[in-house]
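Here is the structure we will look at.
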Amino acid sequence: MTKEKREIPVKKNDKVWLKIEDLTHDGRGVGKLDYYPVFVENAIPGEEIEVRIMKTTKKFAYGKVLQWKTKSENRVEDVVSDWIRTGIAPLHHMTYEAQLDFKKNQVEKVIKRIGGFEDVEVKAVKGMENPSKYRNKAQIPVRKVEDRLQTGFFRRNSHDLVPIDDFYIQEPEIDAALIAIKPILEQYNVKPYDEEKQGGNLKNIVIRKGHYTNELMIVLVTKKKKIFKIGEICKEIVSAVPNVTSIIQSIHTENNNVILGKEFVRLYGEEYIEDQLLGNTYQISAKSFYQVNTKQAEVLYQEAIDRAELKKTDVVIDAYCGIGTIGLSLAKQVQHVYGVEMVQDAIDDAQTNAEINGIENVEFKVGKAEFVFEKWLEDGIKPNVIIVDPPRKGLAETFIEASSKMNPEKIVYVSCDPATFARDLKLYAERGYAPDYVQPIDMFPQTSHIECVTVLKKK
Ligand SMILES: C[S@@+](CC[C@H](N)C(=O)[O-])C[C@H]1O[C@@H](n2cnc3c(N)ncnc32)[C@H](O)[C@@H]1O
């Protein structure tokens, strides 16, 4: 039977009325013209809106709201379109309660659809009391806009810089630092990067803040090594921005979307900043991963630790350990902790962090977790508990195989991507490890991202 070819029911610039029925995984409203979905930013299920069609493809279109006939009770006042069109806070037009419901539904959907689990309960999301101004890290592009050096954010799916001073979800000291640094850079004639011409120098400014210590690290990401009068620039930054304890240059010669370059030069102060988590102190260097929401990271780690039901005799592996934060948070409750992580600087930080917190029963290994686990399996390491916290792409199947063969009592899976999480849970289930329930934790309010924790036990 041949598939009937269906006409695309709209073309660019058409105006149509839609009833929004659903939300995409990244928070756009979905309305249908017969079978054909139209995705619309700043639109909430239940709303009736008139949209202008901005782009069509064979399978769907993008539209822009022109007017509302009915508005959802889940809508907030004072929507800032820059926060939506740049993707800084693409859900901030929804009440926080509605955001948490949306995220719970998203997790439920993928656990069923991708994981194939009909009976695994997804609990209510643990959210924040004050769900704004939480990010302890900013990665801000620098470009020339109307002949001025500007910082802001790219419009979604583009490299057009929208100048922004109030980032809403960043800790306010980070926004204030950017506002103070910009005129200094202009005064010293630092050239913003020009992607088209491959000219200029300053590509990004990365700022990290110790949430509890207030220490600030400023990373200037440049195309070239030379920054004219950099000594004077640093002096001015330090006098204009309170609490700067580290200024680093990262030299990024390649033309890609990676934020940091490969070479790092310390320009002022320390190579790291410090922060605290669950009572431990951590040194964090420019290249190392560190959870961007310190308060919720504590909620997340506590959840993982509680669910692991640790015993004093336990041997624990903290896989994808970053600077060692999960393993070091629980080390005092167990016999021994192994950590593995592929970034050398993060492992160096982890080792220092063990020392400064007086923790001796930990061992950190640099390498890809999938290879290190195969080696540990061969060496006969027998953990009681394995905690995994991989990046968005999730776990390699070889890792799942090796970690299952180690036969731990529990595998605690911490994930920042529900789709790869659900895929991996299915692979563990095929090897006899079943999840109990899933606890989502909102590490990223106002955005569509969500973190999940579950415990897998032998069936
Ligand atoms: C989501 S972060 C978690 C880090 C840490 N658990 C924390 O809470 O801060 C994932 C970490 O995995 C590391 N990583 C990515 N791929 C890896 C791999 N194949 N093997 C080992 N580590 C990897 C990254 O460098 C990053 O530090």
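Within each chain, counting starts at residue 1; across the structure tokens, chains are named A, B, ... in the order shown, with ligands numbered 1 upward in that order.
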Can you build me a table of region 369-452 of chain A residues sitting at most 7 Å from region 94-110 of chain A, with the closest atom pair per residue and its distance in Å to one decimal, using only C-alpha atoms, sorted by chain and residue number, as JSON lines?
{"residue": "A:Pro418", "atom": "CA", "partner": "A:Val107", "partner_atom": "CA", "distance": 5.9}
{"residue": "A:Ala419", "atom": "CA", "partner": "A:Val110", "partner_atom": "CA", "distance": 5.9}
{"residue": "A:Ala422", "atom": "CA", "partner": "A:Val110", "partner_atom": "CA", "distance": 6.3}
{"residue": "A:Ile450", "atom": "CA", "partner": "A:Lys103", "partner_atom": "CA", "distance": 6.7}
Exercise. Write out as an MDAnalysis selection string the residues lying within 9 Å of region 127-130 of chain A, counting only C-alpha atoms and excluding same-chain residues fewer than 6 positions away.
Key: chainID A and resid 96:97 100 295:296 440:443 445
Kindly export the residues of the current selection with C-alpha atoms, as a short mmCIF file (atom, residue, chain, number, x, y, z; two decimals), in the first residue's frame.
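part33.cif, freshly written:
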data_model
loop_
_atom_site.label_atom_id
_atom_site.label_comp_id
_atom_site.auth_asym_id
_atom_site.auth_seq_id
_atom_site.Cartn_x
_atom_site.Cartn_y
_atom_site.Cartn_z
CA TYR A 96 6.77 27.25 38.68
CA GLU A 97 4.14 24.69 39.69
CA LEU A 100 7.34 21.06 37.70
CA LYS A 295 21.70 24.34 46.54
CA GLN A 296 19.93 21.76 44.40
CA PRO A 440 13.19 13.99 39.53
CA ILE A 441 15.02 17.00 40.99
CA ASP A 442 14.78 20.43 39.43
CA MET A 443 18.37 21.61 39.04
CA PRO A 445 14.28 25.97 36.98
#
Quiz item: What does the distance from CA of Tyr338 (chain A) to CA of Leu277 (chain A) come to in Å, to one decimal?
Solution: 19.2 Å
Exercise. Name the residues of region 137-325 of chain A that fall into strand (DSSP E) according to DSSP on the backbone, using the chain letters and numbers of this document, as a VMD selection string.
Key: chain A and resid 137 to 145 148 to 154 161 to 163 202 to 209 216 to 222 244 to 251 263 to 269 272 to 277 280 to 285 315 to 319
Quiz item: Which residue gives the smallest distance to ligand 1 among A:Leu260, A:Ile88, A:Ile323, A:Leu278, with only C-alpha atoms and all ligand atoms counted?
Solution: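 Answer, going by the shortest atom-to-atom distance: A:Ile323.
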Exercise. Can you tell me which residues come within 8 Å of ligand 1 when counting only C-alpha atoms and all ligand atoms, ideally as a ChimeraX atom specification?
Key: /A:288-291,297,301,318-326,340-343,346,366-370,388-392,395-396,415-416
Okay, now the selection with C-alpha atoms, as a PDB file, in the first residue's frame?
ATOM      1  CA  SER A 288      36.410  20.875  35.715  1.00  0.00           C
ATOM      2  CA  PHE A 289      32.696  20.097  35.739  1.00  0.00           C
ATOM      3  CA  TYR A 290      30.838  21.470  38.752  1.00  0.00           C
ATOM      4  CA  GLN A 291      27.073  21.346  39.289  1.00  0.00           C
ATOM      5  CA  ALA A 297      23.179  19.794  43.971  1.00  0.00           C
ATOM      6  CA  TYR A 301      23.515  14.277  46.329  1.00  0.00           C
ATOM      7  CA  ASP A 318      31.628   7.054  42.037  1.00  0.00           C
ATOM      8  CA  ALA A 319      31.617   6.837  38.242  1.00  0.00           C
ATOM      9  CA  TYR A 320      31.859  10.074  36.222  1.00  0.00           C
ATOM     10  CA  CYS A 321      33.011  11.682  39.459  1.00  0.00           C
ATOM     11  CA  GLY A 322      34.102  15.147  38.228  1.00  0.00           C
ATOM     12  CA  ILE A 323      35.970  16.808  41.092  1.00  0.00           C
ATOM     13  CA  GLY A 324      34.912  13.993  43.432  1.00  0.00           C
ATOM     14  CA  THR A 325      31.900  15.675  45.027  1.00  0.00           C
ATOM     15  CA  ILE A 326      29.535  12.683  45.316  1.00  0.00           C
ATOM     16  CA  VAL A 340      36.684   7.618  37.846  1.00  0.00           C
ATOM     17  CA  GLU A 341      36.568  10.594  35.500  1.00  0.00           C
ATOM     18  CA  MET A 342      38.097  11.360  32.097  1.00  0.00           C
ATOM     19  CA  VAL A 343      39.257  14.978  32.648  1.00  0.00           C
ATOM     20  CA  ALA A 346      39.021  17.283  37.493  1.00  0.00           C
ATOM     21  CA  VAL A 366      41.598   9.270  35.298  1.00  0.00           C
ATOM     22  CA  GLY A 367      40.211   7.571  32.195  1.00  0.00           C
ATOM     23  CA  LYS A 368      37.071   6.773  30.273  1.00  0.00           C
ATOM     24  CA  ALA A 369      34.713   5.047  32.691  1.00  0.00           C
ATOM     25  CA  GLU A 370      33.815   2.334  30.151  1.00  0.00           C
ATOM     26  CA  VAL A 388      26.830   6.785  38.029  1.00  0.00           C
ATOM     27  CA  ASP A 389      26.398  10.414  36.984  1.00  0.00           C
ATOM     28  CA  PRO A 390      27.211  10.520  33.253  1.00  0.00           C
ATOM     29  CA  PRO A 391      26.901  13.459  30.841  1.00  0.00           C
ATOM     30  CA  ARG A 392      23.756  13.802  28.686  1.00  0.00           C
ATOM     31  CA  LEU A 395      26.308   5.299  29.506  1.00  0.00           C
ATOM     32  CA  ALA A 396      28.177   3.200  26.965  1.00  0.00           C
ATOM     33  CA  SER A 415      20.986  11.521  35.172  1.00  0.00           C
ATOM     34  CA  CYS A 416      20.637  14.905  33.491  1.00  0.00           C
TER      35      CYS A 416
END
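Within 8 Å of region 243-259 of chain A there are Gln139, Asn204, Asn214, Glu215, Leu216, Met217, Ile218, Val219, Leu220, Val221, Thr222, Lys223, Lys224, Lys225, Cys234, Val238, Phe264, Val265, Arg266, Leu267, Tyr268, Gly269, Glu270, Glu271, Tyr272, Ile273 and Ala286 of chain A, counting only C-alpha atoms and ignoring same-chain residues fewer than 5 positions away.
Ranking A:Gln335, A:Ser404, A:Thr24, A:Thr352 by their shortest atom-to-atom distance to Glu274 (chain A), with only C-alpha atoms included, puts A:Thr352 first.
The smallest atom-to-atom distance between Val51 (chain A) and any of A:Gln446, A:Thr70, A:Asn13, A:Thr313, using only C-alpha atoms, is found for A:Asn13.
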